[in-house]
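Asker: Below you'll find final_26.txt; it's compact mmCIF, C-alpha atoms and all ligand atoms.
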# COMPACT_ATOMS: atom_id res chain seq x y z
CA MET A 1 23.55 28.06 6.55
CA LYS A 2 24.23 30.41 3.66
CA ARG A 3 26.72 27.99 2.16
CA GLN A 4 24.22 25.13 2.38
CA THR A 5 21.67 27.19 0.50
CA THR A 6 24.16 27.88 -2.27
CA ILE A 7 25.00 24.21 -2.65
CA ALA A 8 21.33 23.30 -2.74
CA SER A 9 20.70 25.94 -5.41
CA LEU A 10 23.54 24.62 -7.53
CA LEU A 11 22.21 21.10 -7.28
CA LEU A 12 18.74 22.28 -8.29
CA LEU A 13 20.22 23.79 -11.45
CA GLY A 14 21.21 20.30 -12.56
CA SER A 15 18.86 17.59 -13.71
CA ILE A 16 16.05 16.97 -11.23
CA SER A 17 16.53 13.22 -11.58
CA VAL A 18 20.02 13.38 -10.06
CA PHE A 19 19.01 15.77 -7.27
CA ALA A 20 19.05 13.91 -4.01
CA GLY A 21 17.39 15.63 -1.10
CA PRO A 22 18.33 14.95 2.49
CA VAL A 23 15.59 12.30 2.59
CA THR A 24 15.13 9.70 -0.14
CA THR A 25 12.17 7.34 -0.40
CA THR A 26 13.03 3.71 -1.12
CA PRO A 27 11.43 2.91 -4.50
CA TRP A 28 8.29 0.79 -4.37
CA ASN A 29 8.60 0.02 -0.67
CA GLY A 30 11.86 -1.89 -1.20
CA HIS A 31 10.81 -3.88 -4.27
CA PRO A 32 12.10 -3.66 -7.87
CA GLY A 33 8.63 -2.64 -9.13
CA ALA A 34 4.96 -2.67 -8.16
CA VAL A 35 1.67 -4.14 -9.31
CA SER A 36 -1.94 -3.45 -8.33
CA TYR A 37 -4.69 -5.88 -9.28
CA THR A 38 -8.08 -4.21 -9.66
CA TYR A 39 -11.39 -6.03 -10.07
CA ASP A 40 -14.51 -4.22 -11.22
CA ASP A 41 -18.25 -4.14 -10.65
CA ALA A 42 -18.50 -6.49 -7.60
CA ARG A 43 -19.06 -9.36 -10.01
CA VAL A 44 -20.77 -12.39 -8.45
CA SER A 45 -17.73 -14.62 -9.07
CA GLN A 46 -15.39 -12.41 -7.04
CA LEU A 47 -16.42 -13.33 -3.49
CA PRO A 48 -16.38 -17.14 -4.02
CA ASN A 49 -13.61 -17.51 -6.65
CA LEU A 50 -11.24 -14.60 -6.24
CA LEU A 51 -11.14 -13.72 -2.53
CA PRO A 52 -9.90 -17.17 -1.41
CA GLN A 53 -7.08 -16.94 -3.99
CA LEU A 54 -6.04 -13.49 -2.84
CA ASP A 55 -6.27 -14.32 0.85
CA SER A 56 -4.31 -17.58 0.55
CA LEU A 57 -1.46 -15.62 -1.11
CA LYS A 58 -1.83 -12.66 1.33
CA ILE A 59 -2.41 -10.35 -1.63
CA LYS A 60 -4.42 -7.14 -1.18
CA ALA A 61 -6.44 -6.02 -4.21
CA THR A 62 -8.72 -3.16 -5.21
CA PHE A 63 -12.42 -3.61 -5.91
CA GLU A 64 -14.09 -0.93 -8.03
CA ILE A 65 -17.60 -0.79 -6.63
CA ALA A 66 -20.81 0.34 -8.32
CA ALA A 67 -23.84 -0.40 -6.13
CA ALA A 68 -26.22 -0.86 -9.04
CA VAL A 69 -24.28 -3.72 -10.63
CA GLY A 70 -22.98 -7.08 -9.39
CA ASN A 71 -23.86 -8.30 -5.90
CA PHE A 72 -22.60 -5.38 -3.83
CA THR A 73 -25.99 -4.36 -2.49
CA SER A 74 -27.23 -7.88 -1.74
CA ARG A 75 -23.99 -8.90 0.01
CA VAL A 76 -22.88 -5.60 1.47
CA SER A 77 -21.80 -7.06 4.83
CA ASP A 78 -19.50 -9.53 3.04
CA TRP A 79 -18.02 -6.68 1.02
CA ILE A 80 -17.45 -4.61 4.16
CA GLN A 81 -15.55 -7.59 5.59
CA VAL A 82 -13.41 -7.58 2.43
CA SER A 83 -12.45 -4.00 3.25
CA LYS A 84 -11.78 -4.85 6.90
CA ASN A 85 -9.42 -7.58 5.67
CA GLY A 86 -7.25 -4.95 3.97
CA HIS A 87 -8.57 -4.93 0.42
CA GLU A 88 -9.69 -1.63 -1.09
CA LEU A 89 -13.28 -0.75 -1.95
CA ALA A 90 -13.16 2.14 -4.40
CA ASN A 91 -15.59 4.49 -6.11
CA HIS A 92 -16.85 3.36 -9.54
CA THR A 93 -20.05 5.48 -9.24
CA ARG A 94 -23.35 4.34 -7.73
CA ASN A 95 -25.02 3.55 -11.08
CA HIS A 96 -22.00 2.72 -13.24
CA ILE A 97 -22.53 5.73 -15.47
CA ASN A 98 -20.08 7.53 -17.72
CA ILE A 99 -18.47 10.53 -16.06
CA THR A 100 -18.99 13.75 -17.99
CA ASP A 101 -17.99 17.34 -17.32
CA ALA A 102 -21.63 18.02 -16.40
CA ASN A 103 -22.27 15.15 -13.95
CA SER A 104 -18.81 14.52 -12.46
CA ALA A 105 -18.68 16.44 -9.19
CA ALA A 106 -22.11 15.38 -7.95
CA THR A 107 -21.86 11.75 -9.16
CA VAL A 108 -18.41 11.20 -7.65
CA LYS A 109 -19.27 12.82 -4.32
CA ASP A 110 -22.59 10.97 -4.03
CA PHE A 111 -20.97 7.54 -4.05
CA ALA A 112 -17.88 8.61 -2.12
CA ASP A 113 -20.16 9.71 0.73
CA TYR A 114 -22.04 6.40 0.55
CA LEU A 115 -18.87 4.27 0.61
CA ARG A 116 -17.25 6.24 3.45
CA ALA A 117 -20.34 5.73 5.60
CA LEU A 118 -20.10 1.92 5.30
CA ASP A 119 -17.05 1.43 7.53
CA THR A 120 -14.04 3.39 8.78
CA THR A 121 -11.76 1.17 6.67
CA VAL A 122 -13.37 2.45 3.47
CA GLN A 123 -11.56 5.69 2.63
CA SER A 124 -12.86 6.08 -0.94
CA VAL A 125 -10.06 8.32 -2.17
CA THR A 126 -9.40 6.54 -5.47
CA PHE A 127 -11.70 6.39 -8.48
CA ALA A 128 -12.23 4.19 -11.55
CA TYR A 129 -14.00 5.65 -14.60
CA PRO A 130 -16.95 3.43 -15.64
CA ASN A 131 -16.65 2.14 -19.20
CA CYS A 132 -13.16 3.71 -19.43
CA SER A 133 -14.87 6.97 -20.31
CA ILE A 134 -12.54 9.86 -19.40
CA PRO A 135 -14.13 13.34 -19.24
CA GLY A 136 -12.56 16.72 -19.93
CA THR A 137 -10.83 18.97 -17.43
CA THR A 138 -14.03 19.93 -15.60
CA GLY A 139 -14.97 16.28 -15.18
CA LYS A 140 -11.50 15.39 -13.93
CA ASN A 141 -11.72 18.24 -11.44
CA GLY A 142 -14.91 16.67 -10.12
CA VAL A 143 -13.06 13.38 -9.61
CA SER A 144 -10.11 15.20 -8.05
CA ALA A 145 -12.38 16.85 -5.49
CA GLU A 146 -12.81 13.43 -3.80
CA ASN A 147 -9.85 11.36 -5.02
CA PHE A 148 -6.08 11.76 -5.21
CA ILE A 149 -5.90 9.40 -8.19
CA GLY A 150 -8.21 8.18 -10.95
CA ARG A 151 -7.98 4.92 -12.89
CA GLY A 152 -8.30 5.07 -16.66
CA CYS A 153 -7.64 2.26 -19.13
CA GLY A 154 -4.48 1.56 -21.10
CA GLN A 155 -1.19 -0.25 -21.08
CA THR A 156 0.92 2.50 -19.50
CA THR A 157 3.39 1.52 -16.79
CA TYR A 158 4.68 4.18 -14.44
CA ALA A 159 8.39 4.73 -13.78
CA TRP A 160 9.42 5.51 -10.19
CA GLY A 161 11.34 8.70 -10.98
CA THR A 162 8.85 10.31 -13.37
CA GLN A 163 5.90 12.31 -12.05
CA PRO A 164 2.81 11.28 -14.06
CA THR A 165 1.38 14.10 -16.15
CA ASP A 166 -2.21 13.36 -15.10
CA TRP A 167 -2.99 11.80 -11.71
CA MET A 168 -6.65 11.66 -12.71
CA ASN A 169 -5.84 9.19 -15.48
CA ILE A 170 -3.45 6.54 -14.16
CA GLN A 171 -4.18 3.59 -16.37
CA GLY A 172 -4.76 -0.10 -15.87
CA LEU A 173 -4.64 -2.79 -18.54
CA ILE A 174 -7.92 -4.58 -19.22
CA LEU A 175 -7.35 -8.32 -19.31
CA SER A 176 -9.38 -10.68 -21.46
CA PRO A 177 -9.63 -14.48 -21.40
CA THR A 178 -6.91 -14.66 -24.06
CA ASN A 179 -4.42 -12.00 -22.95
CA THR A 180 -3.60 -12.87 -19.35
CA ASN A 181 -0.11 -13.66 -20.62
CA THR A 182 0.31 -9.93 -21.34
CA SER A 183 -0.09 -9.33 -17.61
CA VAL A 184 2.74 -11.80 -16.96
CA THR A 185 4.97 -10.07 -19.51
CA LEU A 186 4.21 -6.60 -18.19
CA GLN A 187 4.89 -7.64 -14.60
CA ALA A 188 8.33 -8.80 -15.71
CA THR A 189 8.72 -5.40 -17.42
CA ALA A 190 7.65 -3.62 -14.22
CA LYS A 191 10.50 -5.39 -12.45
CA THR A 192 13.19 -4.58 -15.02
CA SER A 193 12.07 -0.95 -15.49
CA ASN A 194 11.31 -0.18 -11.80
CA ALA A 195 7.75 0.65 -12.72
CA TRP A 196 4.15 0.28 -11.50
CA PHE A 197 1.70 -1.81 -13.51
CA ILE A 198 -2.07 -2.04 -12.94
CA THR A 199 -4.51 -4.69 -14.17
CA ILE A 200 -8.29 -4.58 -14.67
CA VAL A 201 -10.51 -7.68 -14.51
CA HIS A 202 -14.29 -8.25 -14.33
CA ASP A 203 -15.15 -11.85 -13.43
CA VAL A 204 -12.82 -14.58 -12.24
CA ALA A 205 -14.84 -17.54 -13.49
CA ASN A 206 -14.77 -20.58 -15.73
CA PRO A 207 -16.22 -20.29 -18.30
CA THR A 208 -15.44 -16.58 -18.64
CA PRO A 209 -18.71 -14.67 -19.10
CA ASP A 210 -17.32 -11.73 -21.10
CA GLN A 211 -14.28 -10.26 -22.82
CA TYR A 212 -13.04 -8.54 -19.64
CA SER A 213 -12.83 -11.66 -17.50
CA VAL A 214 -10.30 -14.39 -16.75
CA THR A 215 -10.48 -17.95 -15.46
CA PRO A 216 -9.43 -18.66 -11.86
CA ALA A 217 -6.45 -20.62 -13.22
CA ASN A 218 -5.26 -17.68 -15.33
CA ASN A 219 -5.85 -15.24 -12.49
CA LEU A 220 -3.60 -17.39 -10.32
CA VAL A 221 -0.90 -17.36 -13.01
CA MET A 222 -1.08 -13.55 -12.97
CA LEU A 223 -0.86 -13.34 -9.16
CA ASN A 224 2.04 -15.78 -9.05
CA ALA A 225 3.93 -13.68 -11.61
CA GLY A 226 3.74 -10.74 -9.21
CA ILE A 227 5.15 -12.87 -6.43
CA SER A 228 7.89 -14.53 -8.49
CA ASN A 229 9.05 -11.14 -9.84
CA GLY A 230 9.34 -9.87 -6.26
CA LEU A 231 7.03 -6.94 -7.01
CA TRP A 232 5.37 -4.82 -4.35
CA ILE A 233 1.80 -6.12 -4.61
CA ASP A 234 -0.70 -3.78 -3.00
CA THR A 235 -3.89 -1.85 -3.59
CA TYR A 236 -4.26 0.97 -6.11
CA LEU A 237 -4.65 3.26 -3.08
CA ASN A 238 -1.54 2.09 -1.23
CA VAL A 239 0.84 2.01 -4.20
CA GLY A 240 -0.62 5.19 -5.69
CA ALA A 241 -0.27 7.10 -2.41
CA TYR A 242 3.31 5.89 -1.83
CA TYR A 243 4.20 6.84 -5.41
CA ARG A 244 2.53 10.25 -5.24
CA ALA A 245 3.90 11.09 -1.78
CA HIS A 246 7.52 10.35 -2.69
CA PHE A 247 7.72 13.21 -5.18
CA THR A 248 7.06 15.54 -2.25
CA MET A 249 9.17 13.67 0.31
CA ASP A 250 12.27 13.47 -1.88
CA THR A 251 12.34 17.25 -2.39
CA ALA A 252 11.73 18.15 1.28
CA THR A 253 14.41 20.32 2.84
CA ALA A 254 15.94 20.02 6.30
CA LYS A 255 15.99 23.17 8.40
CA ALA A 256 18.81 23.20 10.93
CA VAL A 257 17.65 23.95 14.49
CA SER A 258 19.29 23.57 17.86
CA GLY A 259 20.16 19.90 18.35
CA GLY A 260 19.07 18.73 14.91
CA TRP A 261 16.80 19.46 11.99
CA ASN A 262 13.14 20.04 11.29
CA LEU A 263 11.54 18.82 8.11
CA ALA A 264 8.05 19.85 7.04
CA TRP A 265 6.20 19.37 3.80
CA VAL A 266 2.80 19.89 2.25
CA SER A 267 0.47 17.10 1.15
CA PRO A 268 0.36 16.92 -2.67
CA HIS A 269 -3.44 16.50 -2.68
CA SER A 270 -6.34 17.19 -0.32
CA LYS A 271 -7.66 13.60 -0.58
CA MET A 272 -4.52 11.62 0.18
CA PRO A 273 -5.18 8.59 2.46
CA LYS A 274 -5.18 9.23 6.23
CA LYS A 275 -1.87 7.45 6.65
CA VAL A 276 0.87 6.90 4.07
CA ASN A 277 3.81 4.88 5.35
CA LEU A 278 7.00 5.73 3.46
CA ARG A 279 10.25 3.82 3.76
CA VAL A 280 12.90 6.54 3.71
CA LYS A 281 16.65 6.95 4.10
CA PHE A 282 18.49 9.93 5.58
CA ALA A 283 21.57 11.30 3.80
CA ALA A 284 24.75 11.06 5.84
CA ALA A 285 25.95 14.22 4.06
CA THR A 286 23.25 16.16 5.92
CA PHE A 287 22.60 14.22 9.12
CA GLY A 288 25.80 12.29 9.73
CA THR A 289 25.51 8.70 10.84
CA SER A 290 24.32 9.15 14.43
CA PHE A 291 20.81 10.56 14.62
CA THR A 292 17.31 9.90 15.92
CA VAL A 293 14.14 10.28 13.87
CA GLN A 294 10.92 11.42 15.53
CA GLN A 295 7.38 12.18 14.47
CA ASN A 296 4.99 13.79 16.95
CA GLY A 297 7.50 13.05 19.71
CA VAL A 298 7.61 9.32 18.96
CA THR A 299 10.97 7.81 18.04
CA ILE A 300 10.90 5.82 14.80
CA PRO A 301 13.01 2.65 15.00
CA VAL A 302 15.57 1.96 12.31
CA GLU A 303 14.92 -0.96 9.98
CA THR A 304 17.51 -3.64 9.29
CA ASP A 305 18.39 -2.02 5.93
CA GLY A 306 19.02 1.36 7.56
CA SER A 307 15.73 2.88 6.45
CA TYR A 308 12.94 4.34 8.60
CA ILE A 309 9.22 3.89 8.07
CA ILE A 310 7.59 7.26 8.60
CA ASP A 311 4.00 8.41 8.17
CA PHE A 312 4.10 10.93 5.34
CA MET A 313 0.70 12.30 6.36
CA LYS A 314 2.08 13.65 9.64
CA LEU A 315 3.64 16.22 7.28
CA SER A 316 6.69 16.80 9.46
CA MET A 317 9.46 15.08 11.36
CA LYS A 318 12.45 15.88 13.51
CA VAL A 319 15.94 14.50 13.13
CA LEU A 320 17.89 14.85 16.37
CA GLN A 321 21.67 14.71 16.50
CA GLY A 322 23.01 11.63 18.24
CA THR A 323 21.32 8.48 19.31
CA SER A 324 18.72 9.40 21.87
CA GLY A 325 18.85 6.43 24.20
CA ILE A 326 15.07 6.67 24.03
CA LYS A 327 13.78 3.17 23.67
CA SER A 328 11.82 2.72 20.48
CA ARG A 329 8.15 2.77 21.27
CA VAL A 330 6.37 -0.27 19.97
CA ILE A 331 2.95 0.28 18.48
CA LEU A 332 0.96 -2.90 18.00
CA PRO A 333 -1.61 -3.08 15.18
CA SER A 334 -5.28 -3.74 15.97
CA LYS A 335 -5.17 -6.84 13.78
CA LEU A 336 -2.08 -9.02 13.51
CA ASP A 337 -1.19 -10.50 10.14
CA ALA A 338 1.05 -13.55 10.62
CA ARG A 339 2.11 -16.54 8.53
CA ILE A 340 4.28 -19.62 8.79
CA THR A 341 7.54 -19.74 6.86
CA SER A 342 10.18 -22.45 6.80
CA ASN A 343 12.02 -20.68 9.64
CA GLY A 344 9.16 -19.77 11.95
CA ILE A 345 6.34 -17.22 12.10
CA MET A 346 6.57 -13.93 10.23
CA PHE A 347 4.29 -11.03 11.14
CA ASP A 348 3.56 -7.63 9.62
CA GLY A 349 2.88 -4.14 10.87
CA VAL A 350 5.01 -4.27 14.02
CA PHE A 351 8.29 -2.39 14.24
CA GLY A 352 10.87 -2.69 16.97
CA GLU A 353 11.36 -5.31 19.64
CA VAL A 354 8.34 -7.02 21.18
CA GLU A 355 7.61 -9.87 23.54
CA ALA A 356 6.28 -12.92 21.71
CA THR A 357 4.56 -16.05 22.97
CA VAL A 358 3.58 -19.01 20.81
CA VAL A 359 1.34 -21.80 22.10
CA ASP A 360 -0.07 -24.86 20.38
CA VAL A 361 -3.74 -25.97 20.36
CA ARG A 362 -3.32 -27.76 23.69
CA GLY A 363 -1.99 -24.60 25.28
CA ASN A 364 1.61 -25.82 25.48
CA ARG A 365 4.12 -23.00 25.22
CA VAL A 366 6.24 -23.44 22.08
CA PHE A 367 8.14 -20.14 22.35
CA HIS A 368 8.47 -17.19 24.68
CA GLY A 369 10.90 -14.30 24.43
CA ARG A 370 11.73 -10.97 22.88
CA VAL A 371 11.84 -10.80 19.09
CA SER A 372 12.59 -8.18 16.43
CA ASN A 373 12.60 -8.00 12.64
CA ARG A 374 8.98 -9.24 12.57
CA MET A 375 10.00 -12.86 12.97
CA VAL A 376 9.65 -15.58 15.61
CA SER A 377 12.26 -18.20 14.74
CA LEU A 378 11.06 -21.76 15.33
CA ARG A 379 12.48 -25.19 14.64
CA LYS A 380 10.64 -27.41 12.20
CA GLU A 381 9.44 -29.80 14.92
CA GLN A 382 7.87 -26.86 16.78
CA MET A 383 5.67 -26.02 13.81
CA ARG A 384 2.87 -28.58 13.82
CA GLY A 385 -0.85 -27.96 13.36
CA ILE A 386 -2.41 -24.75 14.62
CA LEU A 387 -0.30 -22.25 16.57
CA PHE A 388 -1.35 -19.11 18.42
CA LEU A 389 0.98 -16.11 18.43
CA THR A 390 0.66 -13.35 21.02
CA LEU A 391 2.71 -10.16 20.83
CA SER A 392 2.84 -7.93 23.90
CA ASP A 393 4.28 -4.55 24.68
CA ARG A 394 4.74 -4.05 28.41
CA ALA A 395 5.19 -0.29 28.22
CA SER A 396 1.81 0.30 26.64
CA ARG A 397 0.24 -2.82 28.24
CA THR A 398 -1.19 -3.91 24.92
CA SER A 399 -1.20 -7.26 23.18
CA VAL A 400 -2.42 -8.68 19.90
CA HIS A 401 -3.05 -12.26 18.74
CA ALA A 402 -2.97 -14.27 15.54
CA ARG A 403 -3.73 -17.86 14.66
CA VAL A 404 -1.46 -19.56 12.15
CA THR A 405 -1.63 -22.99 10.61
CA ALA A 406 1.61 -24.84 10.06
CA ILE A 407 2.09 -26.77 6.86
CA ARG A 408 2.34 -30.47 7.56
ZN ZN B 501 -17.19 -1.19 -14.44
Translate the structure described by the file into structure tokens.
Ligand SMILES: [Zn+2]
Answerer:
Amino acid sequence: MKRQTTIASLLLLGSISVFAGPVTTTPWNGHPGAVSYTYDDARVSQLPNLLPQLDSLKIKATFEIAAAVGNFTSRVSDWIQVSKNGHELANHTRNHINITDANSAATVKDFADYLRALDTTVQSVTFAYPNCSIPGTTGKNGVSAENFIGRGCGQTTYAWGTQPTDWMNIQGLILSPTNTNTSVTLQATAKTSNAWFITIVHDVANPTPDQYSVTPANNLVMLNAGISNGLWIDTYLNVGAYYRAHFTMDTATAKAVSGGWNLAWVSPHSKMPKKVNLRVKFAAATFGTSFTVQQNGVTIPVETDGSYIIDFMKLSMKVLQGTSGIKSRVILPSKLDARITSNGIMFDGVFGEVEATVVDVRGNRVFHGRVSNRMVSLRKEQMRGILFLTLSDRASRTSVHARVTAIR
């Protein structure tokens, strides 16, 4: 134990960037870089023009909401559905007013309380400064009281290994009708420099109504650049939380106990999201190659790349020596996200082995059996028209369904 401490101290004396803790977070959830697309002010064009684009590409975006502008108030139930579908509704103040040192705390809390009361899926723990107006320290503290991150404006991209100097001013690039190509260039840069890039757009409409808007065609070019660069495309909340959490996770220490190790850490901010899934790897130098990872007594299954997806917000985990023989517990999501690929049906949010059944519209069984790796392999001739996928876990007696449409 004493020797381990000495080695750890020596390593800490070196450059922080080369210090590898016993647990290492996989950068950007396993992608070469990340991008978050943010859209402001609940502009009228967003529900009809933008949402279908995002949903057809399975892209989750962030919507900076101010109740007094756009169509948020008149179409609030549609906007709540947007949140239920996995997009983020974030705080942009009720009346779209500049944040100052004097008004910050009350203004930010007022609309955070309003948004959180709409639906349990609205966490409201990220903020976007109206009119790109960034206050002084007191104003930022007001934002920080309700949010773990605040969106300013600028062209900064954020490198994986460098802790940002100011979490209350993590910038997005404002796009205009003539500079959408910059977003394509900077997404390529995000890939080559392992960085996070954020965009800001008002309307997605043709013609573009102002200098902060793009046409649907150009928006699609931007989204496709994220896909073709293999970036992690997710909300400002999800990428920001993963990014912020990893600086804590990667410096966590493992305390040796009988039969294994305990790891515990402290949340870096009081308004982190309720759940932050981190893809992490465990150093063989500390844990060997035969171990079992548990959080709150539940065994976490190993992924195909040797990583484990843990919930950072549980703030602790156990690593037990040896494989446990405990069967991985399958936890099914409340809503199943599934899509057709050339090899079958892929689904998200389920880890471990589950029982899968696929039937066609006439109720004929196309597939039945146990599957893993979030994939039901099907032959081309089995994938016609509309298919219904059911995943079941016998141990917990739960099941979840999804409807998928095969490409003809
Ligand atoms: Zn705005």
Asker: Between A:Ser83, A:Asn277, A:Thr25, A:Asn147, single out the one closest to Ala105 in chain A, counting only C-alpha atoms.
Answerer: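 Selected residue with least distance to Ala105 in chain A: A:Asn147.
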Asker: Work out where the centre of an axis-aligned box around every listed atom of range 358-376 of chain A lies and how long its edges are once 6 Å is added on each side; give both in Å to one decimal as lines of an AutoDock Vina configuration file.
Answerer:
center_x = 4.4
center_y = -17.9
center_z = 19.0
size_x = 28.3
size_y = 31.8
size_z = 24.9
Asker: Could you state the separation of CA of Ala66 in chain A and CA of Asp40 in chain A in Å, given to one decimal place?
Answerer: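 Taking CA of Ala66 in chain A and CA of Asp40 in chain A, their separation equals 8.3 Å.
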Asker: At a cut-off of 8 Å and counting only C-alpha atoms and all ligand atoms, what residues surround ligand ZN 501 (chain B)? Please answer as an MDAnalysis selection string.
Answerer: chainID A and resid 40:41 64:66 92 96 128:131 202
Asker: Show me the residues close to (8.7, 10.3, -1.1) - anything with an atom within 12 Å, counting only C-alpha atoms - and format the list as a PyMOL selection string.
Answerer: chain A and resi 20-29+160-161+163+239-252+265-268+276-282+309-313+315
Asker: Need to verify the contact set: Val201 in chain A, 9 Å, all atoms listed in the file, exclusion of same-chain residues closer than 4 positions in sequence. Can you return it as a PDB file with C-alpha atoms, keeping the file's coordinate frame?
Answerer:
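And here is the file that came out, part-v5.pdb:
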ATOM      1  CA  TYR A  37      -4.690  -5.880  -9.280  1.00  0.00           C
ATOM      2  CA  THR A  38      -8.080  -4.210  -9.660  1.00  0.00           C
ATOM      3  CA  TYR A  39     -11.390  -6.030 -10.070  1.00  0.00           C
ATOM      4  CA  ASP A  40     -14.510  -4.220 -11.220  1.00  0.00           C
ATOM      5  CA  LEU A 173      -4.640  -2.790 -18.540  1.00  0.00           C
ATOM      6  CA  ILE A 174      -7.920  -4.580 -19.220  1.00  0.00           C
ATOM      7  CA  LEU A 175      -7.350  -8.320 -19.310  1.00  0.00           C
ATOM      8  CA  SER A 176      -9.380 -10.680 -21.460  1.00  0.00           C
ATOM      9  CA  TYR A 212     -13.040  -8.540 -19.640  1.00  0.00           C
ATOM     10  CA  SER A 213     -12.830 -11.660 -17.500  1.00  0.00           C
ATOM     11  CA  VAL A 214     -10.300 -14.390 -16.750  1.00  0.00           C
TER      12      VAL A 214
END
Asker: Between A:Ala195, A:Thr215, A:Gly136, A:Ile340, single out the one closest to Pro164 in chain A, counting only C-alpha atoms.
Answerer: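 Closest to Pro164 in chain A of all the choices is A:Ala195.
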Asker: Would you please work out which residue, of A:Thr253, A:Asn373, A:Thr289, A:Gly260, is nearest to Asp305 in chain A when using only C-alpha atoms?
Answerer: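 The answer is A:Asn373, which sits nearest to Asp305 in chain A.
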Asker: Which one of A:Gln187, A:Thr304, A:Ser392, A:Ser193 sits closest to Ser228 in chain A if you count all atoms listed in the file?
Answerer: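 Answer, going by the shortest atom-to-atom distance: A:Gln187.
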Asker: Around (11.8, -15.2, 21.3) in the file's own coordinates, what residues are found within 10 Å if you use only C-alpha atoms, given back as a PyMOL selection string?
Answerer: chain A and resi 354-358+366-372+375-378
Asker: Generate a file of the selected residues that holds C-alpha atoms, formatted as a short mmCIF file (atom, residue, chain, number, x, y, z; two decimals), in the coordinates of the input.
Answerer:
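Wrote out-v8.cif, looks like this:
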data_model
loop_
_atom_site.label_atom_id
_atom_site.label_comp_id
_atom_site.auth_asym_id
_atom_site.auth_seq_id
_atom_site.Cartn_x
_atom_site.Cartn_y
_atom_site.Cartn_z
CA VAL A 354 8.34 -7.02 21.18
CA GLU A 355 7.61 -9.87 23.54
CA ALA A 356 6.28 -12.92 21.71
CA THR A 357 4.56 -16.05 22.97
CA VAL A 358 3.58 -19.01 20.81
CA VAL A 366 6.24 -23.44 22.08
CA PHE A 367 8.14 -20.14 22.35
CA HIS A 368 8.47 -17.19 24.68
CA GLY A 369 10.90 -14.30 24.43
CA ARG A 370 11.73 -10.97 22.88
CA VAL A 371 11.84 -10.80 19.09
CA SER A 372 12.59 -8.18 16.43
CA MET A 375 10.00 -12.86 12.97
CA VAL A 376 9.65 -15.58 15.61
CA SER A 377 12.26 -18.20 14.74
CA LEU A 378 11.06 -21.76 15.33
#
Asker: Contacts of Gln46 in chain A at 10 Å or less, counting only C-alpha atoms, minus same-chain residues fewer than 4 places along, as a short mmCIF file (atom, residue, chain, number, x, y, z; two decimals) with C-alpha atoms, in the coordinates of the input?
Answerer:
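Below is the file around.cif, written as the result:
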data_model
loop_
_atom_site.label_atom_id
_atom_site.label_comp_id
_atom_site.auth_asym_id
_atom_site.auth_seq_id
_atom_site.Cartn_x
_atom_site.Cartn_y
_atom_site.Cartn_z
CA TYR A 39 -11.39 -6.03 -10.07
CA ASP A 40 -14.51 -4.22 -11.22
CA ASP A 41 -18.25 -4.14 -10.65
CA ALA A 42 -18.50 -6.49 -7.60
CA LEU A 50 -11.24 -14.60 -6.24
CA LEU A 51 -11.14 -13.72 -2.53
CA PRO A 52 -9.90 -17.17 -1.41
CA GLN A 53 -7.08 -16.94 -3.99
CA PHE A 63 -12.42 -3.61 -5.91
CA GLY A 70 -22.98 -7.08 -9.39
CA ASN A 71 -23.86 -8.30 -5.90
CA HIS A 202 -14.29 -8.25 -14.33
CA ASP A 203 -15.15 -11.85 -13.43
CA VAL A 204 -12.82 -14.58 -12.24
CA ALA A 205 -14.84 -17.54 -13.49
CA PRO A 216 -9.43 -18.66 -11.86
#
Asker: Find, counting all atoms listed in the file, the residue in A:Ala67, A:Leu186, A:Val82, A:Ala102 that gets nearest to Pro48 in chain A.
Answerer: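 Ranked by minimum distance to Pro48 in chain A, first place goes to A:Val82.
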Asker: As an exercise, work out the distance from CA of Pro273 in chain A to CA of Gln81 in chain A in Å and give it to one decimal place.
Answerer: 19.5 Å
Asker: Counting all atoms listed in the file, which residue out of A:Ile134, A:Val319, A:Ile80, A:Leu391 sits closest to Asn296 in chain A?
Answerer: A:Val319
Asker: Within 8 Å of range 150-153 of chain A, counting all atoms listed in the file, which residues qualify if same-chain residues fewer than 4 places away don't, as a PDB file with C-alpha atoms, in the coordinates of the input?
Answerer:
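Below is the file part_4.pdb, written as the result:
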ATOM      1  CA  THR A 126      -9.400   6.540  -5.470  1.00  0.00           C
ATOM      2  CA  PHE A 127     -11.700   6.390  -8.480  1.00  0.00           C
ATOM      3  CA  ALA A 128     -12.230   4.190 -11.550  1.00  0.00           C
ATOM      4  CA  TYR A 129     -14.000   5.650 -14.600  1.00  0.00           C
ATOM      5  CA  CYS A 132     -13.160   3.710 -19.430  1.00  0.00           C
ATOM      6  CA  SER A 133     -14.870   6.970 -20.310  1.00  0.00           C
ATOM      7  CA  ILE A 134     -12.540   9.860 -19.400  1.00  0.00           C
ATOM      8  CA  VAL A 143     -13.060  13.380  -9.610  1.00  0.00           C
ATOM      9  CA  SER A 144     -10.110  15.200  -8.050  1.00  0.00           C
ATOM     10  CA  TRP A 167      -2.990  11.800 -11.710  1.00  0.00           C
ATOM     11  CA  MET A 168      -6.650  11.660 -12.710  1.00  0.00           C
ATOM     12  CA  ASN A 169      -5.840   9.190 -15.480  1.00  0.00           C
ATOM     13  CA  ILE A 170      -3.450   6.540 -14.160  1.00  0.00           C
ATOM     14  CA  GLN A 171      -4.180   3.590 -16.370  1.00  0.00           C
ATOM     15  CA  GLY A 172      -4.760  -0.100 -15.870  1.00  0.00           C
ATOM     16  CA  LEU A 173      -4.640  -2.790 -18.540  1.00  0.00           C
ATOM     17  CA  ILE A 174      -7.920  -4.580 -19.220  1.00  0.00           C
TER      18      ILE A 174
END
